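input.cif, holding mmCIF, C-alpha atoms and all ligand atoms:
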```cif
data_upload
loop_
_atom_site.label_atom_id
_atom_site.label_comp_id
_atom_site.auth_asym_id
_atom_site.auth_seq_id
_atom_site.Cartn_x
_atom_site.Cartn_y
_atom_site.Cartn_z
CA MET F 1 20.55 -50.57 35.82
CA GLU F 2 18.20 -51.37 32.97
CA ALA F 3 18.88 -49.11 29.98
CA ILE F 4 16.46 -50.71 27.54
CA LYS F 5 13.36 -52.74 28.18
CA LEU F 6 10.94 -54.19 25.64
CA GLU F 7 7.81 -55.90 26.90
CA SER F 8 5.97 -58.05 24.36
CA VAL F 9 6.53 -55.54 21.58
CA THR F 10 4.80 -55.99 18.25
CA LEU F 11 5.09 -53.65 15.28
CA GLU F 12 3.33 -54.04 11.97
CA TYR F 13 3.67 -52.21 8.68
CA LYS F 14 1.08 -52.00 5.95
CA SER F 15 2.43 -53.74 2.89
CA HIS F 16 1.73 -52.36 -0.59
CA ASN F 17 -1.00 -54.90 -1.36
CA ASN F 18 -2.94 -53.84 1.76
CA GLY F 19 -1.60 -56.77 3.73
CA ILE F 20 0.26 -56.55 6.99
CA VAL F 21 3.95 -57.21 7.65
CA ARG F 22 4.68 -58.09 11.25
CA ALA F 23 8.24 -56.76 11.40
CA VAL F 24 8.66 -57.18 15.16
CA ASP F 25 6.65 -59.98 16.69
CA ASN F 26 6.09 -60.12 20.44
CA VAL F 27 9.67 -59.28 21.42
CA SER F 28 10.72 -58.95 25.04
CA LEU F 29 14.22 -57.83 25.85
CA SER F 30 16.21 -56.27 28.63
CA VAL F 31 19.58 -54.56 28.20
CA ASN F 32 21.62 -53.33 31.14
CA ALA F 33 23.48 -50.05 31.06
CA GLY F 34 27.02 -50.61 29.79
CA GLU F 35 26.31 -53.77 27.81
CA PHE F 36 27.66 -54.29 24.30
CA ILE F 37 25.05 -56.12 22.25
CA ALA F 38 25.50 -57.47 18.75
CA LEU F 39 22.18 -57.83 16.94
CA VAL F 40 22.33 -60.11 13.93
CA GLY F 41 19.83 -61.64 11.55
CA HIS F 42 19.01 -62.07 7.93
CA ASN F 43 17.79 -59.15 5.80
CA GLY F 44 14.21 -58.35 6.71
CA SER F 45 14.39 -60.02 10.13
CA GLY F 46 13.33 -56.81 11.88
CA LYS F 47 16.61 -55.37 13.17
CA SER F 48 16.18 -51.84 11.84
CA THR F 49 12.57 -51.79 12.95
CA LEU F 50 13.70 -52.76 16.44
CA ALA F 51 16.27 -49.94 16.33
CA LYS F 52 13.59 -47.40 15.37
CA LEU F 53 11.37 -48.63 18.19
CA LEU F 54 14.14 -47.83 20.67
CA ASN F 55 14.22 -44.10 20.03
CA GLY F 56 10.51 -43.68 19.43
CA LEU F 57 10.74 -43.19 15.67
CA LEU F 58 8.22 -46.04 15.69
CA ILE F 59 5.71 -46.73 18.45
CA PRO F 60 4.68 -50.37 18.99
CA ARG F 61 1.19 -51.49 18.17
CA LEU F 62 1.29 -53.81 21.17
CA GLY F 63 3.56 -53.82 24.18
CA ASP F 64 5.89 -51.17 25.50
CA VAL F 65 9.42 -49.90 24.97
CA GLN F 66 11.15 -48.24 27.90
CA ILE F 67 14.43 -46.38 27.94
CA TYR F 68 15.73 -45.93 31.49
CA GLY F 69 12.20 -46.59 32.67
CA VAL F 70 10.56 -44.00 30.37
CA SER F 71 8.07 -45.31 27.83
CA THR F 72 8.45 -44.18 24.22
CA ARG F 73 4.67 -43.63 24.35
CA ASP F 74 5.25 -40.74 26.74
CA LYS F 75 5.05 -37.81 24.30
CA ALA F 76 6.36 -35.33 26.85
CA LYS F 77 9.59 -37.30 27.20
CA ILE F 78 10.26 -38.35 23.62
CA PHE F 79 12.78 -35.56 23.08
CA GLU F 80 14.72 -36.72 26.12
CA ILE F 81 14.72 -40.28 24.80
CA ARG F 82 15.96 -39.22 21.36
CA LYS F 83 18.76 -37.25 22.96
CA ASN F 84 19.73 -40.27 24.99
CA ILE F 85 19.93 -42.71 22.06
CA GLY F 86 22.26 -41.92 19.20
CA MET F 87 21.80 -43.70 15.88
CA VAL F 88 24.57 -44.28 13.37
CA PHE F 89 23.24 -45.44 10.02
CA GLN F 90 24.61 -47.35 7.08
CA ASN F 91 25.48 -44.70 4.53
CA PRO F 92 28.39 -42.48 5.59
CA ASP F 93 27.38 -39.84 3.04
CA ASN F 94 23.89 -39.22 4.38
CA GLN F 95 24.83 -38.14 7.85
CA MET F 96 26.74 -34.92 7.30
CA ILE F 97 25.28 -31.46 7.33
CA ALA F 98 28.06 -28.86 7.40
CA SER F 99 31.06 -28.54 5.11
CA ILE F 100 33.57 -28.11 7.94
CA VAL F 101 34.05 -30.98 10.37
CA GLU F 102 33.80 -29.03 13.61
CA ASP F 103 30.65 -27.18 12.47
CA ASP F 104 29.10 -30.52 11.69
CA ILE F 105 29.88 -31.91 15.14
CA ALA F 106 28.59 -28.71 16.77
CA PHE F 107 25.23 -29.00 15.02
CA GLY F 108 23.63 -31.34 17.56
CA PRO F 109 24.57 -29.43 20.72
CA GLU F 110 23.73 -26.11 19.01
CA ASN F 111 20.23 -27.41 18.40
CA LEU F 112 19.96 -28.19 22.08
CA GLY F 113 20.77 -24.57 22.91
CA ILE F 114 23.96 -25.44 24.72
CA GLU F 115 26.27 -22.54 25.48
CA ARG F 116 29.24 -21.79 23.22
CA GLU F 117 32.06 -22.73 25.62
CA GLU F 118 30.50 -26.09 26.36
CA ILE F 119 29.94 -26.75 22.63
CA ILE F 120 33.63 -26.12 21.95
CA ARG F 121 34.58 -28.51 24.74
CA ARG F 122 32.23 -31.19 23.45
CA VAL F 123 33.39 -30.89 19.85
CA GLU F 124 36.98 -31.31 20.92
CA TRP F 125 36.16 -34.22 23.20
CA ALA F 126 34.00 -36.00 20.60
CA LEU F 127 36.59 -35.62 17.83
CA THR F 128 39.31 -36.88 20.17
CA LYS F 129 37.21 -39.94 21.04
CA VAL F 130 36.95 -40.95 17.37
CA ASN F 131 40.56 -40.04 16.55
CA MET F 132 39.63 -37.21 14.21
CA LEU F 133 40.70 -34.10 16.11
CA GLU F 134 43.41 -33.24 13.59
CA HIS F 135 40.71 -33.02 10.91
CA ARG F 136 38.57 -30.48 12.77
CA LYS F 137 39.03 -27.74 10.15
CA SER F 138 38.78 -30.08 7.15
CA THR F 139 35.87 -30.76 4.88
CA PRO F 140 34.31 -34.20 5.34
CA PHE F 141 33.29 -34.77 1.75
CA LYS F 142 36.57 -36.21 0.48
CA MET F 143 37.20 -38.43 3.48
CA SER F 144 37.14 -42.23 3.53
CA GLY F 145 33.97 -44.05 4.53
CA GLY F 146 35.52 -45.04 7.85
CA GLN F 147 36.45 -41.43 8.61
CA LYS F 148 32.97 -40.23 7.70
CA GLN F 149 31.37 -42.82 9.95
CA ARG F 150 33.66 -41.77 12.78
CA LEU F 151 32.53 -38.18 12.24
CA ALA F 152 28.92 -39.33 12.36
CA ILE F 153 29.73 -40.97 15.70
CA ALA F 154 31.40 -37.78 16.95
CA GLY F 155 28.30 -35.79 15.99
CA ILE F 156 26.23 -38.14 18.10
CA LEU F 157 28.70 -38.11 20.98
CA ALA F 158 28.51 -34.32 21.16
CA VAL F 159 24.89 -34.71 22.25
CA LYS F 160 26.07 -36.99 25.10
CA PRO F 161 23.86 -40.03 24.62
CA SER F 162 24.06 -42.99 26.98
CA ILE F 163 23.09 -45.50 24.28
CA ILE F 164 24.35 -45.73 20.69
CA VAL F 165 22.75 -47.93 18.05
CA PHE F 166 24.90 -48.77 15.02
CA ASP F 167 22.54 -49.92 12.26
CA GLU F 168 24.84 -51.74 9.82
CA SER F 169 27.20 -48.78 10.10
CA THR F 170 30.08 -50.84 8.76
CA ALA F 171 28.23 -52.39 5.82
CA MET F 172 29.48 -49.92 3.22
CA LEU F 173 33.03 -49.68 4.52
CA ASP F 174 36.27 -51.34 3.43
CA PRO F 175 37.95 -53.66 5.98
CA GLU F 176 40.09 -50.83 7.35
CA GLY F 177 37.04 -48.59 7.83
CA ARG F 178 35.14 -51.44 9.48
CA ARG F 179 37.97 -51.98 11.95
CA GLU F 180 38.13 -48.25 12.77
CA VAL F 181 34.42 -47.95 13.45
CA LEU F 182 34.28 -51.15 15.45
CA ALA F 183 37.25 -50.06 17.55
CA VAL F 184 35.50 -46.76 18.33
CA ALA F 185 32.32 -48.59 19.32
CA HIS F 186 34.26 -50.77 21.76
CA GLU F 187 36.26 -47.83 23.08
CA LEU F 188 33.10 -45.86 23.85
CA ASN F 189 31.55 -48.87 25.52
CA LYS F 190 34.58 -49.53 27.71
CA ASN F 191 35.74 -46.07 28.60
CA GLU F 192 32.58 -43.94 28.39
CA ASN F 193 30.24 -46.67 29.61
CA ILE F 194 28.00 -46.15 26.60
CA THR F 195 25.54 -48.98 25.98
CA VAL F 196 26.07 -50.23 22.43
CA ILE F 197 23.64 -52.02 20.12
CA LEU F 198 25.66 -53.08 17.10
CA ILE F 199 23.52 -54.32 14.22
CA THR F 200 25.69 -56.16 11.75
CA HIS F 201 25.76 -58.97 9.25
CA TYR F 202 29.47 -59.56 9.76
CA MET F 203 29.62 -62.31 12.39
CA ASP F 204 33.26 -61.48 13.09
CA GLU F 205 32.08 -58.14 14.49
CA ALA F 206 29.91 -59.93 17.03
CA ILE F 207 32.57 -62.06 18.72
CA ASN F 208 33.67 -59.40 21.20
CA ALA F 209 30.16 -58.41 22.25
CA ASP F 210 28.87 -59.21 25.74
CA ARG F 211 25.77 -60.69 24.15
CA VAL F 212 24.71 -61.74 20.69
CA ILE F 213 21.02 -61.54 19.84
CA VAL F 214 19.80 -63.35 16.75
CA MET F 215 16.58 -62.24 15.08
CA SER F 216 14.51 -64.07 12.52
CA ARG F 217 11.09 -63.11 11.18
CA GLY F 218 10.61 -60.42 13.78
CA ARG F 219 11.46 -62.63 16.73
CA ILE F 220 14.48 -63.17 18.93
CA VAL F 221 15.54 -66.75 18.30
CA THR F 222 18.55 -66.79 20.55
CA ASP F 223 20.25 -64.43 22.98
CA GLY F 224 23.47 -65.26 24.80
CA THR F 225 27.23 -64.93 24.98
CA PRO F 226 29.09 -65.20 21.65
CA GLU F 227 30.46 -68.57 22.78
CA ARG F 228 26.95 -69.90 23.37
CA VAL F 229 25.36 -68.43 20.26
CA PHE F 230 28.09 -69.44 17.81
CA ALA F 231 28.10 -72.97 19.20
CA GLN F 232 24.59 -73.36 17.74
CA LYS F 233 25.90 -74.04 14.26
CA ASP F 234 22.87 -75.86 12.87
CA MET F 235 20.49 -73.17 14.05
CA LEU F 236 22.61 -70.43 12.44
CA GLU F 237 22.89 -72.42 9.25
CA SER F 238 19.12 -72.91 9.08
CA LEU F 239 18.79 -69.11 9.27
CA HIS F 240 21.40 -68.71 6.51
CA LEU F 241 23.74 -66.95 8.89
CA SER F 242 27.46 -67.57 8.65
CA LEU F 243 29.84 -68.33 11.48
CA PRO F 244 32.76 -66.09 12.39
CA LEU F 245 35.58 -67.18 10.06
CA PRO F 246 37.87 -68.67 12.77
CA THR F 247 34.89 -70.59 14.22
CA SER F 248 34.03 -71.97 10.83
CA ILE F 249 37.64 -73.00 10.10
CA ALA F 250 37.96 -74.78 13.47
CA TYR F 251 34.61 -76.47 12.96
CA ASN F 252 35.56 -77.79 9.54
CA LEU F 253 38.99 -78.97 10.74
CA SER F 254 37.34 -80.77 13.61
CA LYS F 255 34.85 -82.41 11.25
CA SER F 256 37.75 -83.62 9.10
CA GLY F 257 39.19 -85.36 12.13
CA LEU F 258 41.61 -82.84 13.60
CA ASP F 259 41.51 -82.80 17.39
CA ILE F 260 40.77 -79.10 17.74
CA SER F 261 38.36 -77.30 20.04
CA GLU F 262 35.14 -76.23 18.37
CA ASN F 263 34.68 -73.29 20.70
CA ILE F 264 36.84 -70.86 18.81
CA LEU F 265 35.79 -67.31 17.99
CA SER F 266 38.83 -65.17 17.32
CA GLU F 267 41.87 -65.45 15.08
CA SER F 268 44.17 -65.58 18.09
CA GLN F 269 42.21 -68.46 19.63
CA LEU F 270 42.47 -70.32 16.32
CA GLU F 271 46.21 -69.67 16.16
CA GLU F 272 46.70 -70.97 19.67
CA ALA F 273 44.60 -74.08 19.08
CA LEU F 274 46.38 -74.88 15.81
CA CYS F 275 49.82 -74.49 17.41
CA LYS F 276 48.79 -76.86 20.16
CA VAL F 277 47.65 -79.47 17.64
CA LEU F 278 50.68 -79.11 15.38
CA LYS F 279 53.24 -79.35 18.17
P1 LIG F 301 16.24 -55.70 8.79
O1 LIG F 301 16.76 -54.39 9.30
O2 LIG F 301 16.54 -56.84 9.70
O3 LIG F 301 16.69 -55.98 7.39
P2 LIG F 301 13.65 -54.38 8.74
O4 LIG F 301 13.32 -54.00 10.13
O5 LIG F 301 14.16 -53.31 7.84
O6 LIG F 301 14.64 -55.63 8.75
O7 LIG F 301 12.37 -55.01 8.05
C1 LIG F 301 11.56 -55.99 8.67
C2 LIG F 301 10.39 -56.31 7.76
O8 LIG F 301 9.55 -55.17 7.66
C3 LIG F 301 10.77 -56.66 6.34
O9 LIG F 301 9.87 -57.63 5.88
C4 LIG F 301 10.59 -55.36 5.58
O10 LIG F 301 10.27 -55.59 4.25
C5 LIG F 301 9.41 -54.73 6.32
N1 LIG F 301 9.46 -53.27 6.31
C6 LIG F 301 10.45 -52.49 6.80
N2 LIG F 301 10.16 -51.19 6.68
C7 LIG F 301 8.93 -51.13 6.09
C8 LIG F 301 8.07 -50.07 5.71
N3 LIG F 301 8.40 -48.78 5.91
N4 LIG F 301 6.88 -50.39 5.13
C9 LIG F 301 6.53 -51.67 4.94
N5 LIG F 301 7.28 -52.72 5.29
C10 LIG F 301 8.48 -52.47 5.86
MG MG F 302 18.17 -53.05 8.47
#
```
Using the file provided, produce a representation of the structure as C-alpha cells.
Amino acid sequence: MEAIKLESVTLEYKSHNNGIVRAVDNVSLSVNAGEFIALVGHNGSGKSTLAKLLNGLLIPRLGDVQIYGVSTRDKAKIFEIRKNIGMVFQNPDNQMIASIVEDDIAFGPENLGIEREEIIRRVEWALTKVNMLEHRKSTPFKMSGGQKQRLAIAGILAVKPSIIVFDESTAMLDPEGRREVLAVAHELNKNENITVILITHYMDEAINADRVIVMSRGRIVTDGTPERVFAQKDMLESLHLSLPLPTSIAYNLSKSGLDISENILSESQLEEALCKVLK
C-alpha cells in the first residue's frame, strides 16, 4: 500500500532580496507502507522542506502530495494527515511541554479528546516502546539528549501515527544517544510497521534502511538500496557527501591494492572481509 506519494512537487520560498528559492524542484516519489527510508543530502538540499510538505505544513506550488491517497490540499482532511505523520525534530529541548514525563506524553492524545483509560494505556505503551517507562514520573529537563529524543518519539507514538519523519533528530546527540534513537526508529519500523523517513547527514545511519534517497538542489538525484547508492562513490563525492565509514575504509584499501570487496556497508561486513583477506 502506498503511504506517501509525491507527483511532480515544486515548492518555492521568497528569498530576502525578493528572489525565489526553489527548495523542492519537480520531485516525484512513492513510499510504501512499512518502508524505512533514509533521506540524505547536503545542507540546503531541500530535505526539511520535503518533510514539511508531507504533513501539510507546506503546500506545493505545483504538483500534489498524497498521504494514503489523501491530498494535503484537502483542507477538510489536513488534521487527519497531521495525526498520521509524526515529526521528530533536531533539538531535543524544544519538543517538551510538561514537567513530568507522563503528562508530556499524554498531551497529544488529550488534545485529541481521547478518553482517560485509553490515554493511560497509550502513555504506558509509548514509554515502553522507547525504553523509558521507568522514567514516567521523572522530569525530562535533566535527561540526556538521547532520552529527551526518545520522549519526543513517545509523545508522537501516543497519537498513533502510521508514519514518522525524523528530521536530523540525531544531529545534536552524542554517539550513545544517536544509537538509542536509531534503534527505536528501527524497532518501530519492524515491530509496529511504522513507515520511517529518517533524514540524516550521518551516512552510517543510512546503511540499514530499505532505501536511501539522495537530494541535491531540491531534486532527488538517486534512490535505491544502500548497496546501490553507496556504490556510486564519485556521485556522492561530487555532492560533498561522505561514505559510511566501513565503506570508505574498504574502498581505500581496495584502491591501495588489497583484494577486498568494495561493497561493504557495515562494520561486521568489513571485519569479515578483512579476516578473509588476512587469512
Ligand atoms: P535541508 O533541510 O536539506 O538543509 P531546507 O529544506 O531547509 O534544506 O532548505 C532548502 C532551501 O530552501 C535552502 O536553500 C534554504 O535556504 C531555503 N529555505 C528553507 N526555508 C526557507 C524559508 N522559510 N524561507 C526562505 N528560504 C528557505
Ligand atoms: Mg533540514
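Here atom CA of F:Lys160 stands at a distance of 28.4 Å from atom CA of F:Gly224.
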Produce as a list in words the set of residues near ligand LIG 301 (chain F), where near means within 7 Å with only C-alpha atoms and all ligand atoms considered.
->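 Using only C-alpha atoms and all ligand atoms, I find these residues within 7 Å of ligand LIG 301 (chain F): Tyr13, Lys14, Ser15, Val21, Arg22, Ala23, Gly41, His42, Asn43, Gly44, Ser45, Gly46, Lys47, Ser48, Thr49, Leu50 and Gly218 of chain F.
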re atom CA of F:Glu192 and atom CA of F:Leu151: distance 17.1 Å
Across F:Ile105, F:Ala185, F:Ala76, F:Leu6, the smallest distance to F:Asp64, with all atoms listed in the file counted, is shown by F:Leu6
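Near (11.3, -45.8, 31.7), the residues inside the 9 Å limit, counting all atoms listed in the file, come to F:Glu2, F:Ala3, F:Ile4, F:Lys5, F:Val65, F:Gln66, F:Ile67, F:Tyr68, F:Gly69, F:Val70, F:Ser71, F:Thr72.
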Please rebuild stretch 48-69 of chain F with N, CA, C and O atoms and give the result as a PDB file, in the coordinates of the input.
```pdb
ATOM      1  N   SER F  48      16.300 -53.302  11.934  1.00  0.00           N
ATOM      2  CA  SER F  48      16.180 -51.840  11.840  1.00  0.00           C
ATOM      3  C   SER F  48      14.883 -51.352  12.466  1.00  0.00           C
ATOM      4  O   SER F  48      14.836 -50.272  13.060  1.00  0.00           O
ATOM      5  N   THR F  49      13.838 -52.152  12.336  1.00  0.00           N
ATOM      6  CA  THR F  49      12.570 -51.790  12.950  1.00  0.00           C
ATOM      7  C   THR F  49      12.727 -51.744  14.471  1.00  0.00           C
ATOM      8  O   THR F  49      12.271 -50.805  15.133  1.00  0.00           O
ATOM      9  N   LEU F  50      13.436 -52.737  15.007  1.00  0.00           N
ATOM     10  CA  LEU F  50      13.700 -52.760  16.440  1.00  0.00           C
ATOM     11  C   LEU F  50      14.481 -51.489  16.847  1.00  0.00           C
ATOM     12  O   LEU F  50      14.169 -50.845  17.853  1.00  0.00           O
ATOM     13  N   ALA F  51      15.473 -51.134  16.031  1.00  0.00           N
ATOM     14  CA  ALA F  51      16.270 -49.940  16.330  1.00  0.00           C
ATOM     15  C   ALA F  51      15.376 -48.688  16.376  1.00  0.00           C
ATOM     16  O   ALA F  51      15.497 -47.852  17.273  1.00  0.00           O
ATOM     17  N   LYS F  52      14.464 -48.586  15.430  1.00  0.00           N
ATOM     18  CA  LYS F  52      13.590 -47.400  15.370  1.00  0.00           C
ATOM     19  C   LYS F  52      12.568 -47.386  16.505  1.00  0.00           C
ATOM     20  O   LYS F  52      12.045 -46.330  16.872  1.00  0.00           O
ATOM     21  N   LEU F  53      12.270 -48.568  17.025  1.00  0.00           N
ATOM     22  CA  LEU F  53      11.370 -48.630  18.190  1.00  0.00           C
ATOM     23  C   LEU F  53      12.075 -48.084  19.438  1.00  0.00           C
ATOM     24  O   LEU F  53      11.435 -47.567  20.341  1.00  0.00           O
ATOM     25  N   LEU F  54      13.409 -48.233  19.464  1.00  0.00           N
ATOM     26  CA  LEU F  54      14.140 -47.830  20.670  1.00  0.00           C
ATOM     27  C   LEU F  54      14.096 -46.324  20.887  1.00  0.00           C
ATOM     28  O   LEU F  54      13.983 -45.868  22.009  1.00  0.00           O
ATOM     29  N   ASN F  55      14.208 -45.559  19.806  1.00  0.00           N
ATOM     30  CA  ASN F  55      14.220 -44.100  20.030  1.00  0.00           C
ATOM     31  C   ASN F  55      12.887 -43.448  19.695  1.00  0.00           C
ATOM     32  O   ASN F  55      12.811 -42.240  19.524  1.00  0.00           O
ATOM     33  N   GLY F  56      11.848 -44.250  19.603  1.00  0.00           N
ATOM     34  CA  GLY F  56      10.510 -43.680  19.430  1.00  0.00           C
ATOM     35  C   GLY F  56      10.209 -43.184  18.030  1.00  0.00           C
ATOM     36  O   GLY F  56       9.207 -42.519  17.808  1.00  0.00           O
ATOM     37  N   LEU F  57      11.079 -43.508  17.056  1.00  0.00           N
ATOM     38  CA  LEU F  57      10.740 -43.190  15.670  1.00  0.00           C
ATOM     39  C   LEU F  57       9.517 -44.011  15.260  1.00  0.00           C
ATOM     40  O   LEU F  57       8.715 -43.599  14.437  1.00  0.00           O
ATOM     41  N   LEU F  58       9.410 -45.205  15.856  1.00  0.00           N
ATOM     42  CA  LEU F  58       8.220 -46.040  15.690  1.00  0.00           C
ATOM     43  C   LEU F  58       7.672 -46.348  17.081  1.00  0.00           C
ATOM     44  O   LEU F  58       8.438 -46.547  18.024  1.00  0.00           O
ATOM     45  N   ILE F  59       6.360 -46.391  17.179  1.00  0.00           N
ATOM     46  CA  ILE F  59       5.710 -46.730  18.450  1.00  0.00           C
ATOM     47  C   ILE F  59       5.041 -48.093  18.266  1.00  0.00           C
ATOM     48  O   ILE F  59       4.372 -48.315  17.256  1.00  0.00           O
ATOM     49  N   PRO F  60       5.233 -49.025  19.200  1.00  0.00           N
ATOM     50  CA  PRO F  60       4.680 -50.370  18.990  1.00  0.00           C
ATOM     51  C   PRO F  60       3.148 -50.376  18.924  1.00  0.00           C
ATOM     52  O   PRO F  60       2.503 -49.524  19.527  1.00  0.00           O
ATOM     53  N   ARG F  61       2.638 -51.331  18.174  1.00  0.00           N
ATOM     54  CA  ARG F  61       1.190 -51.490  18.170  1.00  0.00           C
ATOM     55  C   ARG F  61       0.765 -52.146  19.481  1.00  0.00           C
ATOM     56  O   ARG F  61      -0.203 -51.734  20.111  1.00  0.00           O
ATOM     57  N   LEU F  62       1.530 -53.144  19.878  1.00  0.00           N
ATOM     58  CA  LEU F  62       1.290 -53.810  21.170  1.00  0.00           C
ATOM     59  C   LEU F  62       2.558 -53.773  21.986  1.00  0.00           C
ATOM     60  O   LEU F  62       3.656 -53.779  21.435  1.00  0.00           O
ATOM     61  N   GLY F  63       2.407 -53.762  23.297  1.00  0.00           N
ATOM     62  CA  GLY F  63       3.560 -53.820  24.180  1.00  0.00           C
ATOM     63  C   GLY F  63       4.159 -52.448  24.425  1.00  0.00           C
ATOM     64  O   GLY F  63       3.604 -51.426  24.008  1.00  0.00           O
ATOM     65  N   ASP F  64       5.326 -52.447  25.075  1.00  0.00           N
ATOM     66  CA  ASP F  64       5.890 -51.170  25.500  1.00  0.00           C
ATOM     67  C   ASP F  64       7.415 -51.199  25.398  1.00  0.00           C
ATOM     68  O   ASP F  64       8.044 -52.215  25.662  1.00  0.00           O
ATOM     69  N   VAL F  65       7.969 -50.069  25.002  1.00  0.00           N
ATOM     70  CA  VAL F  65       9.420 -49.900  24.970  1.00  0.00           C
ATOM     71  C   VAL F  65       9.798 -48.856  26.007  1.00  0.00           C
ATOM     72  O   VAL F  65       9.222 -47.763  26.020  1.00  0.00           O
ATOM     73  N   GLN F  66      10.727 -49.207  26.881  1.00  0.00           N
ATOM     74  CA  GLN F  66      11.150 -48.240  27.900  1.00  0.00           C
ATOM     75  C   GLN F  66      12.658 -48.020  27.840  1.00  0.00           C
ATOM     76  O   GLN F  66      13.431 -48.964  27.748  1.00  0.00           O
ATOM     77  N   ILE F  67      13.026 -46.760  27.901  1.00  0.00           N
ATOM     78  CA  ILE F  67      14.430 -46.380  27.940  1.00  0.00           C
ATOM     79  C   ILE F  67      14.674 -45.747  29.308  1.00  0.00           C
ATOM     80  O   ILE F  67      14.052 -44.724  29.626  1.00  0.00           O
ATOM     81  N   TYR F  68      15.530 -46.349  30.094  1.00  0.00           N
ATOM     82  CA  TYR F  68      15.730 -45.930  31.490  1.00  0.00           C
ATOM     83  C   TYR F  68      14.376 -45.701  32.189  1.00  0.00           C
ATOM     84  O   TYR F  68      14.165 -44.687  32.846  1.00  0.00           O
ATOM     85  N   GLY F  69      13.480 -46.635  31.981  1.00  0.00           N
ATOM     86  CA  GLY F  69      12.200 -46.590  32.670  1.00  0.00           C
ATOM     87  C   GLY F  69      11.152 -45.664  32.054  1.00  0.00           C
ATOM     88  O   GLY F  69      10.024 -45.606  32.523  1.00  0.00           O
TER      89      GLY F  69
END
```
